[in-house]
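Novice: This is run.tsv, which holds TSV, C-alpha atoms:
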chain	number	residue	atom	x	y	z
S	24	MET	CA	-0.36	-13.15	-9.81
S	25	ALA	CA	3.41	-13.11	-9.32
S	26	GLY	CA	4.62	-11.69	-6.02
S	27	LEU	CA	1.25	-12.01	-4.28
S	28	SER	CA	1.19	-15.77	-3.60
S	29	TRP	CA	1.42	-15.04	0.14
S	30	LEU	CA	-2.22	-13.85	-0.03
S	31	ASN	CA	-3.49	-17.39	-0.73
S	32	LYS	CA	-2.34	-19.12	2.48
S	33	LYS	CA	-4.91	-21.08	4.55
S	34	ARG	CA	-3.85	-20.81	8.23
S	35	SER	CA	-4.07	-17.37	9.81
S	36	PRO	CA	-1.47	-16.27	12.35
S	37	PRO	CA	-2.84	-14.46	15.41
S	38	GLY	CA	-3.01	-10.70	15.31
S	39	THR	CA	-3.43	-8.08	12.63
S	40	VAL	CA	-1.20	-6.60	9.95
S	41	GLY	CA	-1.61	-2.87	9.38
S	42	LEU	CA	-0.58	-1.17	6.15
S	43	ALA	CA	-0.57	2.58	5.47
S	44	TRP	CA	0.89	4.65	2.65
S	45	THR	CA	3.12	7.43	4.00
S	46	GLY	CA	4.42	9.49	1.12
S	47	GLU	CA	6.64	7.29	-1.01
S	48	GLU	CA	6.77	4.42	1.49
S	49	LEU	CA	4.46	1.74	2.83
S	50	SER	CA	4.32	1.49	6.62
S	51	ALA	CA	3.75	-2.10	7.72
S	52	LEU	CA	3.25	-3.46	11.21
S	53	HIS	CA	1.94	-6.53	12.98
S	54	VAL	CA	0.31	-6.60	16.39
S	55	ARG	CA	-0.97	-9.62	18.29
S	56	PRO	CA	-3.06	-9.74	21.43
S	57	GLU	CA	-1.33	-10.57	24.69
S	58	ASP	CA	-3.10	-10.27	28.05
S	59	ASP	CA	-5.88	-8.22	26.41
S	60	ARG	CA	-3.36	-5.70	25.05
S	61	PRO	CA	-1.85	-5.38	21.57
S	62	VAL	CA	1.85	-6.19	21.31
S	63	LEU	CA	3.91	-4.94	18.37
S	64	THR	CA	5.77	-7.90	16.87
S	65	ALA	CA	7.09	-6.43	13.61
S	66	SER	CA	7.24	-3.09	11.81
S	67	ALA	CA	8.96	-1.67	8.74
S	68	LEU	CA	8.96	1.07	6.13
S	69	LEU	CA	8.82	-0.66	2.75
S	70	ALA	CA	8.90	0.23	-0.91
S	71	PRO	CA	5.23	0.38	-2.00
S	72	ASP	CA	5.29	-2.74	-4.16
S	73	ALA	CA	4.17	-6.36	-3.94
S	74	GLU	CA	7.72	-7.74	-3.88
S	75	ALA	CA	8.79	-5.78	-0.79
S	76	LEU	CA	5.54	-6.46	1.04
S	77	GLY	CA	5.63	-10.16	0.16
S	78	ALA	CA	9.20	-10.48	1.44
S	79	TRP	CA	8.25	-8.78	4.74
S	80	VAL	CA	5.20	-11.04	5.14
S	81	ARG	CA	7.30	-14.16	4.49
S	82	GLU	CA	10.10	-13.00	6.82
S	83	HIS	CA	7.65	-12.58	9.72
S	84	ARG	CA	5.49	-15.59	8.79
S	85	LEU	CA	2.35	-13.48	8.45
S	86	ALA	CA	0.80	-15.09	5.36
S	87	GLY	CA	-2.96	-15.23	5.82
S	88	ALA	CA	-3.02	-12.74	8.71
S	89	ARG	CA	-5.94	-10.38	9.12
S	90	CYS	CA	-5.03	-7.09	7.45
S	91	VAL	CA	-6.19	-3.49	7.81
S	92	ILE	CA	-5.24	-1.10	5.00
S	93	VAL	CA	-5.27	2.68	5.33
S	94	PRO	CA	-5.12	4.43	1.95
S	95	PRO	CA	-3.26	7.73	1.61
S	96	ALA	CA	-5.15	10.65	3.11
S	97	THR	CA	-5.33	12.26	-0.32
S	98	ALA	CA	-7.27	9.25	-1.67
S	99	TYR	CA	-10.47	9.72	0.32
S	100	ALA	CA	-12.68	12.16	2.19
S	101	LEU	CA	-15.23	11.48	4.90
S	102	ARG	CA	-18.14	13.86	5.11
S	103	VAL	CA	-20.86	14.09	7.73
S	104	LEU	CA	-24.12	15.02	6.01
S	105	GLU	CA	-27.76	15.11	6.93
S	106	ALA	CA	-29.37	11.92	5.69
S	107	PRO	CA	-31.39	12.64	2.55
S	108	GLU	CA	-35.09	11.98	2.97
S	109	VAL	CA	-35.22	9.13	0.49
S	110	PRO	CA	-35.72	5.37	0.91
S	111	SER	CA	-32.55	3.70	2.26
S	112	GLU	CA	-31.90	1.86	-1.02
S	113	GLU	CA	-31.68	5.27	-2.79
S	114	ARG	CA	-29.35	6.98	-0.29
S	115	VAL	CA	-26.06	6.29	-2.08
S	116	GLU	CA	-27.29	7.80	-5.36
S	117	SER	CA	-28.86	10.71	-3.49
S	118	VAL	CA	-25.59	11.42	-1.65
S	119	ARG	CA	-23.70	11.12	-4.96
S	120	TRP	CA	-25.89	13.95	-6.28
S	121	LEU	CA	-25.38	16.01	-3.10
S	122	VAL	CA	-21.56	15.80	-3.16
S	123	GLN	CA	-20.93	16.11	-6.90
S	124	ASP	CA	-19.77	19.72	-6.51
S	125	LEU	CA	-17.36	18.78	-3.70
S	126	VAL	CA	-15.08	16.56	-5.79
S	127	GLU	CA	-12.54	17.69	-8.38
S	128	PHE	CA	-13.09	14.79	-10.77
S	129	ASP	CA	-15.94	13.00	-12.52
S	130	ILE	CA	-18.44	12.00	-9.81
S	131	GLU	CA	-19.06	8.71	-11.64
S	132	GLU	CA	-15.48	7.71	-10.78
S	133	ALA	CA	-16.07	8.29	-7.05
S	134	TRP	CA	-16.77	5.45	-4.64
S	135	ILE	CA	-19.64	6.71	-2.52
S	136	ASP	CA	-21.03	4.86	0.48
S	137	VAL	CA	-23.31	5.74	3.37
S	138	LEU	CA	-22.95	4.99	7.06
S	139	ASP	CA	-25.91	5.67	9.32
S	140	ILE	CA	-24.81	7.22	12.61
S	141	PRO	CA	-27.52	7.47	15.30
S	142	VAL	CA	-26.96	11.16	16.12
S	143	GLU	CA	-29.59	11.16	18.84
S	144	GLU	CA	-27.33	8.89	20.93
S	145	LEU	CA	-24.19	11.00	20.50
S	146	ASP	CA	-23.16	13.70	22.92
S	147	PHE	CA	-22.32	16.52	20.51
S	148	PRO	CA	-24.21	19.01	18.34
S	149	ARG	CA	-25.50	17.83	14.97
S	150	ASN	CA	-23.90	20.75	13.15
S	151	ARG	CA	-20.34	20.04	14.26
S	152	GLY	CA	-19.05	19.93	10.68
S	153	HIS	CA	-17.35	17.26	8.65
S	154	LEU	CA	-14.42	14.90	8.86
S	155	GLU	CA	-11.78	14.85	6.18
S	156	GLY	CA	-8.92	12.46	5.60
Re-express the file's structure as structure tokens.

Specialist:
Amino acid sequence: MAGLSWLNKKRSPPGTVGLAWTGEELSALHVRPEDDRPVLTASALLAPDAEALGAWVREHRLAGARCVIVPPATAYALRVLEAPEVPSEERVESVRWLVQDLVEFDIEEAWIDVLDIPVEELDFPRNRGHLEG
């Protein structure tokens, strides 16, 4: 895959690369731990393409670094729902059925996943609402 060869490197530099889409640009940064605190070592606003990102990674010698990617806020939604009373292996399909009227596209194209949050251990009401991104 041309332009993405920097993804195949073996040795990982310390720290984490963060990538986030901000409108028409890609925000990129690198932080590394120092004295138990993160230190910003590089940051840039890039064109959202493999060539620009690859050049930035090479310039800062970050090939193989751990990476966290944040998709655009319009690309996902997080919802807090009551867990359906079905076996755990059926929860994703059950939630897919529950949220089908909440999406504006074919529900079969949606990536649905479930995260169990132990509400009993949290210090806020169960009916607080939902999170959206």

Novice: Counting all atoms listed in the file, which residues of range 96-145 of chain S sit at most 12 Å from some atom of range 43-50 of chain S, and what is each one's closest atom pair with its distance in Å to one decimal, listed by chain and rising residue number, as a tab-separated table?

Specialist:
residue	atom	partner	partner_atom	distance
S:Ala96	CA	S:Trp44	CA	8.5
S:Thr97	CA	S:Gly46	CA	10.2
S:Ala98	CA	S:Trp44	CA	10.3

Novice: Using all atoms listed in the file for the distances, tell me which of S:Ala133, S:Ala78, S:Ile92, S:Val40 is nearest to Leu63 in chain S.

Specialist: S:Val40

Novice: Just checking: using only C-alpha atoms, which residue out of S:Cys90, S:Ala65, S:Val80, S:Leu101 ends up closest to Leu125 in chain S?

Specialist: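 For Leu125 in chain S, the nearest of the given residues is S:Leu101.
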
Novice: Would you work out the distance separating CA of His83 in chain S from CA of Gly38 in chain S, expressed in Å to one decimal?

Specialist: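 That distance, rounded to one decimal, is 12.2 Å.
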
Novice: Find the spatial neighbours of Arg114 in chain S, counting all atoms listed in the file, within a cut-off of 12 Å - ignore same-chain residues fewer than 4 positions away - and output them as a list in words.

Specialist: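 Listing them by chain and then by number gives Leu104, Glu105, Ala106, Pro107, Glu108, Val109, Pro110, Val118, Arg119, Trp120, Leu121, Ile135, Asp136, Val137, Leu138 and Asp139 of chain S.
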